[in-house]
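Written out below as C-alpha coordinates is the structure these notes cover.
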Amino acid sequence: MERRRRWLQLAIPRALIGLDGADRAHRLEFKWADHLQREGDAMDFYVHGDVAPEGRLNFIYTIPAAP
(Lines give C-alpha, C1' and ligand atoms only; values in the text may rest on other atoms or scores of the structure.)
Protein backbone atom coordinates (compact mmCIF):
# COMPACT_ATOMS: atom_id res chain seq x y z
CA MET A 1 0.00 0.00 0.00
CA GLU A 2 1.29 3.43 -0.90
CA ARG A 3 -0.09 6.76 0.24
CA ARG A 4 1.08 10.06 -1.18
CA ARG A 5 -0.72 13.27 -0.32
CA ARG A 6 -4.38 12.60 -1.09
CA TRP A 7 -3.93 9.38 -3.10
CA LEU A 8 -3.98 5.79 -1.91
CA GLN A 9 -2.69 3.02 -4.15
CA LEU A 10 -3.20 -0.67 -3.40
CA ALA A 11 -1.43 -3.62 -5.03
CA ILE A 12 -3.42 -6.85 -4.64
CA PRO A 13 -1.87 -10.09 -5.91
CA ARG A 14 -4.10 -11.95 -8.40
CA ALA A 15 -3.80 -15.14 -6.35
CA LEU A 16 -5.27 -13.39 -3.29
CA ILE A 17 -8.57 -12.81 -5.10
CA GLY A 18 -8.57 -16.11 -7.01
CA LEU A 19 -7.37 -14.80 -10.37
CA ASP A 20 -3.95 -16.43 -10.50
CA GLY A 21 -3.42 -17.54 -14.09
CA ALA A 22 -6.82 -16.21 -15.20
CA ASP A 23 -7.08 -16.46 -18.99
CA ARG A 24 -9.77 -13.78 -19.38
CA ALA A 25 -10.48 -10.29 -18.07
CA HIS A 26 -12.47 -9.79 -14.85
CA ARG A 27 -14.22 -6.85 -13.20
CA LEU A 28 -13.52 -5.80 -9.63
CA GLU A 29 -16.36 -3.69 -8.21
CA PHE A 30 -15.91 -1.83 -4.94
CA LYS A 31 -17.10 1.04 -2.77
CA TRP A 32 -15.03 3.04 -0.32
CA ALA A 33 -16.61 3.85 3.05
CA ASP A 34 -15.55 5.11 6.45
CA HIS A 35 -17.13 6.12 9.76
CA LEU A 36 -19.91 3.54 9.47
CA GLN A 37 -21.74 2.75 12.71
CA ARG A 38 -23.02 -0.77 11.96
CA GLU A 39 -20.54 -2.94 10.10
CA GLY A 40 -22.22 -5.22 7.58
CA ASP A 41 -25.43 -3.14 7.43
CA ALA A 42 -25.74 -1.88 3.82
CA MET A 43 -28.31 0.76 4.81
CA ASP A 44 -25.71 2.43 7.05
CA PHE A 45 -24.08 3.69 3.82
CA TYR A 46 -27.04 6.09 3.49
CA VAL A 47 -27.18 7.26 7.11
CA HIS A 48 -23.70 7.49 8.66
CA GLY A 49 -20.17 8.21 7.57
CA ASP A 50 -18.73 8.99 4.20
CA VAL A 51 -18.98 6.84 1.11
CA ALA A 52 -17.67 7.13 -2.43
CA PRO A 53 -19.28 7.00 -4.82
CA GLU A 54 -22.68 8.00 -3.46
CA GLY A 55 -25.73 5.74 -3.22
CA ARG A 56 -25.94 2.59 -5.32
CA LEU A 57 -22.97 3.50 -7.51
CA ASN A 58 -19.60 1.78 -7.15
CA PHE A 59 -16.16 1.87 -8.68
CA ILE A 60 -15.34 -0.69 -11.39
CA TYR A 61 -11.81 -1.75 -12.30
CA THR A 62 -11.32 -4.11 -15.24
CA ILE A 63 -8.54 -6.61 -14.57
CA PRO A 64 -6.90 -7.71 -17.83
CA ALA A 65 -6.22 -11.37 -18.56
CA ALA A 66 -2.98 -12.73 -17.13
CA PRO A 67 -0.04 -12.47 -19.52
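Following the order of the C-alpha coordinates, chains are lettered A, B, ..., residues in each are numbered from 1, and ligands are numbered from 1.
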Do a neighbour search on Asp44 in chain A at 12 Å with only C-alpha atoms, toss out local chain neighbours closer than 5 positions, and write the hits as a list of chain:residue names. A:Ala33, A:Asp34, A:His35, A:Leu36, A:Gln37, A:Arg38, A:Glu39, A:Gly49, A:Asp50, A:Val51, A:Gly55
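Between CA of Ala11 in chain A and CA of Leu28 in chain A the separation is 13.1 Å.
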Run DSSP on the backbone and give me the residues of chain A it puts in alpha helix (DSSP H), as a list in words.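 Of chain A, the ones in alpha helix (DSSP H) are Asp44, Phe45, Tyr46 and Val47 of chain A.
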Selected residues written out, all heavy atoms, as an mmCIF file, in the first residue's frame:
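Wrote selection.cif, looks like this:
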```cif
data_model
loop_
_atom_site.group_PDB
_atom_site.id
_atom_site.type_symbol
_atom_site.label_atom_id
_atom_site.label_comp_id
_atom_site.auth_asym_id
_atom_site.auth_seq_id
_atom_site.Cartn_x
_atom_site.Cartn_y
_atom_site.Cartn_z
ATOM 1 N N ASP A 44 -26.522 1.456 6.327
ATOM 2 C CA ASP A 44 -25.706 2.430 7.050
ATOM 3 C C ASP A 44 -24.929 3.321 6.079
ATOM 4 O O ASP A 44 -24.530 4.425 6.436
ATOM 5 C CB ASP A 44 -24.764 1.705 8.009
ATOM 6 C CG ASP A 44 -24.321 2.584 9.158
ATOM 7 O OD1 ASP A 44 -25.119 3.408 9.629
ATOM 8 O OD2 ASP A 44 -23.160 2.451 9.582
ATOM 9 N N PHE A 45 -24.720 2.861 4.834
ATOM 10 C CA PHE A 45 -24.080 3.695 3.825
ATOM 11 C C PHE A 45 -24.866 4.986 3.614
ATOM 12 O O PHE A 45 -24.319 6.017 3.281
ATOM 13 C CB PHE A 45 -24.007 2.971 2.471
ATOM 14 C CG PHE A 45 -22.937 1.927 2.390
ATOM 15 C CD1 PHE A 45 -23.269 0.595 2.252
ATOM 16 C CD2 PHE A 45 -21.597 2.282 2.408
ATOM 17 C CE1 PHE A 45 -22.286 -0.370 2.146
ATOM 18 C CE2 PHE A 45 -20.605 1.323 2.311
ATOM 19 C CZ PHE A 45 -20.955 -0.001 2.179
ATOM 20 N N TYR A 46 -26.185 4.939 3.747
ATOM 21 C CA TYR A 46 -27.039 6.091 3.488
ATOM 22 C C TYR A 46 -27.207 7.001 4.699
ATOM 23 O O TYR A 46 -27.640 8.136 4.555
ATOM 24 C CB TYR A 46 -28.429 5.619 3.046
ATOM 25 C CG TYR A 46 -28.397 4.857 1.758
ATOM 26 C CD1 TYR A 46 -28.400 3.471 1.751
ATOM 27 C CD2 TYR A 46 -28.358 5.527 0.544
ATOM 28 C CE1 TYR A 46 -28.365 2.770 0.558
ATOM 29 C CE2 TYR A 46 -28.325 4.833 -0.652
ATOM 30 C CZ TYR A 46 -28.324 3.462 -0.640
ATOM 31 O OH TYR A 46 -28.286 2.768 -1.815
ATOM 32 N N VAL A 47 -26.887 6.516 5.899
ATOM 33 C CA VAL A 47 -27.180 7.260 7.111
ATOM 34 C C VAL A 47 -25.934 7.854 7.772
ATOM 35 O O VAL A 47 -25.917 9.020 8.133
ATOM 36 C CB VAL A 47 -27.923 6.349 8.126
ATOM 37 C CG1 VAL A 47 -28.253 7.104 9.384
ATOM 38 C CG2 VAL A 47 -29.178 5.772 7.503
#
```
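Secondary structure by DSSP on the backbone puts the following residues of chain A in strand (DSSP E or B): Glu2, Arg3, Arg4, Trp7, Leu8, Gln9, His26, Arg27, Leu28, Glu29, Phe30, Trp32, Ala33, Asp34, Asp50, Val51, Ala52, Phe59, Ile60, Tyr61, Thr62 and Ile63 of chain A.
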Which neighbours of Glu29 in chain A fall inside 10 Å, counting only C-alpha atoms, when residues of the same chain fewer than 5 positions from it are skipped, and could you give them as a PyMOL selection string? chain A and resi 57-62
Output of the above residues as an mmCIF file, in the first residue's frame, restricted to N, CA, C and O atoms:
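Result saved to result27.cif:
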```cif
data_model
loop_
_atom_site.group_PDB
_atom_site.id
_atom_site.type_symbol
_atom_site.label_atom_id
_atom_site.label_comp_id
_atom_site.auth_asym_id
_atom_site.auth_seq_id
_atom_site.Cartn_x
_atom_site.Cartn_y
_atom_site.Cartn_z
ATOM 1 N N LEU A 57 -24.098 3.549 -6.586
ATOM 2 C CA LEU A 57 -22.970 3.497 -7.507
ATOM 3 C C LEU A 57 -21.763 2.842 -6.849
ATOM 4 O O LEU A 57 -21.649 2.799 -5.630
ATOM 5 N N ASN A 58 -20.852 2.322 -7.664
ATOM 6 C CA ASN A 58 -19.605 1.778 -7.150
ATOM 7 C C ASN A 58 -18.513 1.955 -8.195
ATOM 8 O O ASN A 58 -18.773 2.276 -9.345
ATOM 9 N N PHE A 59 -17.276 1.785 -7.773
ATOM 10 C CA PHE A 59 -16.157 1.869 -8.683
ATOM 11 C C PHE A 59 -16.006 0.519 -9.379
ATOM 12 O O PHE A 59 -16.232 -0.525 -8.779
ATOM 13 N N ILE A 60 -15.589 0.546 -10.639
ATOM 14 C CA ILE A 60 -15.335 -0.694 -11.386
ATOM 15 C C ILE A 60 -13.955 -0.615 -11.983
ATOM 16 O O ILE A 60 -13.600 0.355 -12.661
ATOM 17 N N TYR A 61 -13.149 -1.640 -11.719
ATOM 18 C CA TYR A 61 -11.814 -1.754 -12.301
ATOM 19 C C TYR A 61 -11.792 -3.031 -13.122
ATOM 20 O O TYR A 61 -12.127 -4.100 -12.622
ATOM 21 N N THR A 62 -11.409 -2.925 -14.395
ATOM 22 C CA THR A 62 -11.317 -4.107 -15.238
ATOM 23 C C THR A 62 -9.913 -4.663 -15.144
ATOM 24 O O THR A 62 -8.925 -3.957 -15.427
#
```
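From CA of Ile63 in chain A back to CA of Ala15 in chain A, the distance works out to 12.8 Å.
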With distances taken over only C-alpha atoms, which residue among A:Leu10, A:Ile17, A:Ala25, A:Met43 lies nearest Pro67 in chain A?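 The closest residue to Pro67 in chain A is A:Ala25.
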Gap from CA of Arg27 in chain A to CA of Trp7 in chain A - Å, one decimal: 21.7 Å
Residue among A:Arg5, A:Glu54, A:Trp32, A:Pro64 lying closest to Asp20 in chain A, counting only C-alpha atoms: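 Checking each candidate against Asp20 in chain A, we get A:Pro64 as the closest.
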